[in-house]
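What follows is a single structure, written as structure tokens, with notes after it.
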Amino acid sequence: MPFFVVALSQMFCRKYKPGCHLASFHRYGESLEIAEYISDYHKGHAEVWIGLWDKKKDFSWEWTDRSCIDYLNWNKNQPDHYQNKEFCVELVSLSGYRLWNDQVCESKDAFLCQCKF
């Protein structure tokens, strides 16, 4: 699995197939299914980008696919915008990919695309 910064991850998803983007989550059950899939497939123990970000850098999170924010699953004490540099969101490997962490957007992580067929 390749590791990219968020912008390149989103670009990869969009070029992969029309209608693809970094993944968004809208239900707890959906989140658990994806976490199980990633745990089975991605054995690298690295974090995984999803399509949530704080474009305005003011704790007003948005999905990159512009869908509504109706579910959040932050890791303990997150989001924190640590050193005012963390504005993108990754799935945390140590949580079994169930919990979210805000991270520097220029960090290189694996990523999860979501496609509409």
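Ordered as shown in the structure tokens, chains take letters A, B, and onward, while each chain numbers its residues from 1 and ligands are numbered from 1 in the order shown.
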For this session: Enumerate, as a PyMOL selection string, the complete set of residues in chain A that a backbone-based DSSP assignment places in strand (DSSP E).
Result: chain A and resi 20-22+48-53+62-63+86-91+100-104+110-111+113-115
Deliver the residues from the most recent selection as a file, using N, CA and C atoms, as a PDB file, in the first residue's frame.
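Here's the written file part-v5.pdb:
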```
ATOM      1  N   CYS A  20     -14.627   8.562  -6.875  1.00  0.00           N
ATOM      2  CA  CYS A  20     -13.842   8.125  -5.720  1.00  0.00           C
ATOM      3  C   CYS A  20     -13.267   9.324  -4.972  1.00  0.00           C
ATOM      4  N   HIS A  21     -13.096   9.157  -3.677  1.00  0.00           N
ATOM      5  CA  HIS A  21     -12.552  10.203  -2.810  1.00  0.00           C
ATOM      6  C   HIS A  21     -12.031   9.538  -1.547  1.00  0.00           C
ATOM      7  N   LEU A  22     -11.321  10.282  -0.709  1.00  0.00           N
ATOM      8  CA  LEU A  22     -10.947   9.739   0.593  1.00  0.00           C
ATOM      9  C   LEU A  22     -12.229   9.413   1.362  1.00  0.00           C
ATOM     10  N   VAL A  48      -3.914   5.514   8.698  1.00  0.00           N
ATOM     11  CA  VAL A  48      -4.591   5.547   7.398  1.00  0.00           C
ATOM     12  C   VAL A  48      -5.402   6.831   7.295  1.00  0.00           C
ATOM     13  N   TRP A  49      -5.121   7.619   6.243  1.00  0.00           N
ATOM     14  CA  TRP A  49      -5.876   8.859   6.019  1.00  0.00           C
ATOM     15  C   TRP A  49      -7.327   8.555   5.683  1.00  0.00           C
ATOM     16  N   ILE A  50      -8.218   9.408   6.202  1.00  0.00           N
ATOM     17  CA  ILE A  50      -9.609   9.437   5.759  1.00  0.00           C
ATOM     18  C   ILE A  50      -9.901  10.860   5.280  1.00  0.00           C
ATOM     19  N   GLY A  51     -11.088  11.092   4.769  1.00  0.00           N
ATOM     20  CA  GLY A  51     -11.394  12.366   4.125  1.00  0.00           C
ATOM     21  C   GLY A  51     -11.939  13.455   5.025  1.00  0.00           C
ATOM     22  N   LEU A  52     -11.532  13.489   6.270  1.00  0.00           N
ATOM     23  CA  LEU A  52     -11.976  14.546   7.176  1.00  0.00           C
ATOM     24  C   LEU A  52     -10.833  15.524   7.390  1.00  0.00           C
ATOM     25  N   TRP A  53     -11.149  16.816   7.296  1.00  0.00           N
ATOM     26  CA  TRP A  53     -10.104  17.816   7.513  1.00  0.00           C
ATOM     27  C   TRP A  53     -10.705  19.097   8.040  1.00  0.00           C
ATOM     28  N   GLU A  62     -14.707  19.088   8.109  1.00  0.00           N
ATOM     29  CA  GLU A  62     -15.494  18.858   6.893  1.00  0.00           C
ATOM     30  C   GLU A  62     -15.029  17.571   6.236  1.00  0.00           C
ATOM     31  N   TRP A  63     -15.959  16.865   5.605  1.00  0.00           N
ATOM     32  CA  TRP A  63     -15.588  15.730   4.762  1.00  0.00           C
ATOM     33  C   TRP A  63     -15.181  16.263   3.391  1.00  0.00           C
ATOM     34  N   GLU A  86      -2.050  20.323  13.066  1.00  0.00           N
ATOM     35  CA  GLU A  86      -2.754  19.097  12.690  1.00  0.00           C
ATOM     36  C   GLU A  86      -4.176  19.408  12.229  1.00  0.00           C
ATOM     37  N   PHE A  87      -4.390  19.297  10.912  1.00  0.00           N
ATOM     38  CA  PHE A  87      -5.683  19.672  10.339  1.00  0.00           C
ATOM     39  C   PHE A  87      -6.304  18.583   9.462  1.00  0.00           C
ATOM     40  N   CYS A  88      -5.661  17.418   9.398  1.00  0.00           N
ATOM     41  CA  CYS A  88      -6.193  16.292   8.641  1.00  0.00           C
ATOM     42  C   CYS A  88      -6.381  15.119   9.597  1.00  0.00           C
ATOM     43  N   VAL A  89      -7.133  14.104   9.174  1.00  0.00           N
ATOM     44  CA  VAL A  89      -7.523  13.039  10.102  1.00  0.00           C
ATOM     45  C   VAL A  89      -7.106  11.670   9.574  1.00  0.00           C
ATOM     46  N   GLU A  90      -6.591  10.868  10.510  1.00  0.00           N
ATOM     47  CA  GLU A  90      -6.154   9.511  10.210  1.00  0.00           C
ATOM     48  C   GLU A  90      -6.824   8.526  11.164  1.00  0.00           C
ATOM     49  N   LEU A  91      -6.958   7.289  10.693  1.00  0.00           N
ATOM     50  CA  LEU A  91      -7.400   6.193  11.545  1.00  0.00           C
ATOM     51  C   LEU A  91      -6.187   5.709  12.327  1.00  0.00           C
ATOM     52  N   TRP A 100     -10.022   8.021  15.690  1.00  0.00           N
ATOM     53  CA  TRP A 100      -9.449   9.032  14.805  1.00  0.00           C
ATOM     54  C   TRP A 100      -8.503   9.957  15.552  1.00  0.00           C
ATOM     55  N   ASN A 101      -7.525  10.458  14.810  1.00  0.00           N
ATOM     56  CA  ASN A 101      -6.538  11.396  15.330  1.00  0.00           C
ATOM     57  C   ASN A 101      -6.329  12.497  14.301  1.00  0.00           C
ATOM     58  N   ASP A 102      -6.227  13.740  14.766  1.00  0.00           N
ATOM     59  CA  ASP A 102      -5.836  14.783  13.815  1.00  0.00           C
ATOM     60  C   ASP A 102      -4.320  14.742  13.678  1.00  0.00           C
ATOM     61  N   GLN A 103      -3.851  15.011  12.468  1.00  0.00           N
ATOM     62  CA  GLN A 103      -2.436  14.864  12.146  1.00  0.00           C
ATOM     63  C   GLN A 103      -2.023  15.939  11.147  1.00  0.00           C
ATOM     64  N   VAL A 104      -0.729  16.180  11.085  1.00  0.00           N
ATOM     65  CA  VAL A 104      -0.170  17.115  10.106  1.00  0.00           C
ATOM     66  C   VAL A 104      -0.477  16.578   8.701  1.00  0.00           C
ATOM     67  N   ALA A 110      -0.792   5.653   4.861  1.00  0.00           N
ATOM     68  CA  ALA A 110      -1.623   4.906   3.931  1.00  0.00           C
ATOM     69  C   ALA A 110      -2.949   5.667   3.831  1.00  0.00           C
ATOM     70  N   PHE A 111      -3.842   5.261   2.947  1.00  0.00           N
ATOM     71  CA  PHE A 111      -5.099   5.997   2.796  1.00  0.00           C
ATOM     72  C   PHE A 111      -6.200   5.061   2.342  1.00  0.00           C
ATOM     73  N   CYS A 113      -9.665   4.929   0.073  1.00  0.00           N
ATOM     74  CA  CYS A 113     -10.566   5.537  -0.908  1.00  0.00           C
ATOM     75  C   CYS A 113     -11.963   4.933  -0.756  1.00  0.00           C
ATOM     76  N   GLN A 114     -12.945   5.729  -1.090  1.00  0.00           N
ATOM     77  CA  GLN A 114     -14.343   5.290  -1.119  1.00  0.00           C
ATOM     78  C   GLN A 114     -14.869   5.643  -2.498  1.00  0.00           C
ATOM     79  N   CYS A 115     -15.506   4.663  -3.161  1.00  0.00           N
ATOM     80  CA  CYS A 115     -15.970   4.884  -4.530  1.00  0.00           C
ATOM     81  C   CYS A 115     -17.463   4.603  -4.647  1.00  0.00           C
TER      82      CYS A 115
END
```
For this session: For Pro18 in chain A, list every protein, DNA or RNA residue within 10 Å, evaluated using only C-alpha atoms, and leave out those in the same chain fewer than 3 positions away; present the list as an MDAnalysis selection string.
Result: chainID A and resid 13:15 21 115:117
For this session: For Ser95 in chain A, work out the shell of residues within 12 Å, counting only C-alpha atoms and skipping chain neighbours fewer than 2 positions away, then give it as a list in words.
Result: Leu32, Ala35, Glu36, Ile38, Ser39, His45, Ala46, Glu47, Val48, Asn73, Trp74, Asn75, Lys76, Glu90, Leu91, Val92, Ser93, Tyr97, Arg98, Leu99, Trp100 and Asn101 of chain A
Exercise. CA of Phe3 in chain A to CA of Lys108 in chain A: how many Å, to one decimal?
Worked result: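 Taking CA of Phe3 in chain A as the start and CA of Lys108 in chain A as the end point, the length is 5.3 Å.
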Exercise. With only C-alpha atoms as the atoms that count, which of A:Val6, A:Leu94, A:Leu72, A:Cys105 lies nearest to Tyr28 in chain A?
Worked result: A:Leu72
Please report, as an mmCIF file with C-alpha atoms, in the first residue's frame, each residue of chain A to which DSSP assigns helix (DSSP H, G or I) when run on this structure's backbone.
```
data_model
loop_
_atom_site.group_PDB
_atom_site.id
_atom_site.type_symbol
_atom_site.label_atom_id
_atom_site.label_comp_id
_atom_site.auth_asym_id
_atom_site.auth_seq_id
_atom_site.Cartn_x
_atom_site.Cartn_y
_atom_site.Cartn_z
ATOM 1 C CA VAL A 6 -3.322 13.896 2.224
ATOM 2 C CA ALA A 7 -3.418 15.988 -0.962
ATOM 3 C CA LEU A 8 -1.754 13.246 -3.033
ATOM 4 C CA SER A 9 -3.958 10.601 -1.408
ATOM 5 C CA GLN A 10 -7.092 12.504 -2.417
ATOM 6 C CA MET A 11 -5.700 12.986 -5.930
ATOM 7 C CA PHE A 12 -4.949 9.257 -6.207
ATOM 8 C CA CYS A 13 -8.517 8.379 -5.162
ATOM 9 C CA ARG A 14 -10.055 10.797 -7.670
ATOM 10 C CA LYS A 15 -7.869 9.555 -10.529
ATOM 11 C CA TYR A 16 -8.457 5.902 -9.654
ATOM 12 C CA TYR A 28 -20.706 3.438 13.912
ATOM 13 C CA GLY A 29 -21.401 0.077 12.251
ATOM 14 C CA GLU A 30 -19.871 1.269 8.996
ATOM 15 C CA SER A 31 -16.801 2.416 10.915
ATOM 16 C CA LEU A 32 -16.414 -1.016 12.561
ATOM 17 C CA GLU A 33 -16.709 -2.849 9.230
ATOM 18 C CA ILE A 34 -14.030 -0.647 7.683
ATOM 19 C CA ALA A 35 -11.773 -1.039 10.738
ATOM 20 C CA GLU A 36 -12.030 -4.821 10.437
ATOM 21 C CA TYR A 37 -11.296 -4.684 6.703
ATOM 22 C CA ILE A 38 -8.219 -2.485 7.190
ATOM 23 C CA SER A 39 -6.950 -4.646 10.066
ATOM 24 C CA ASP A 40 -7.229 -7.738 7.847
ATOM 25 C CA TYR A 41 -5.786 -6.151 4.712
ATOM 26 C CA TYR A 82 -1.122 19.903 18.259
ATOM 27 C CA GLN A 83 1.242 22.872 17.846
ATOM 28 C CA ASN A 84 -1.448 24.358 15.576
ATOM 29 C CA SER A 93 -3.599 1.721 14.035
ATOM 30 C CA LEU A 94 -3.237 1.092 17.798
ATOM 31 C CA SER A 95 -7.042 1.366 18.130
#
```
Exercise. If you count only C-alpha atoms, which residues fall within 10 Å of Phe59 in chain A, apart from same-chain ones fewer than 2 positions away, as a ChimeraX atom specification?
Worked result: /A:53-57,61-62,79-81,87
Problem set entry | d(CA of Ile69 in chain A, CA of Gly19 in chain A) in Å |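 If I compute the distance from CA of Ile69 in chain A to CA of Gly19 in chain A, I get 19.1 Å.
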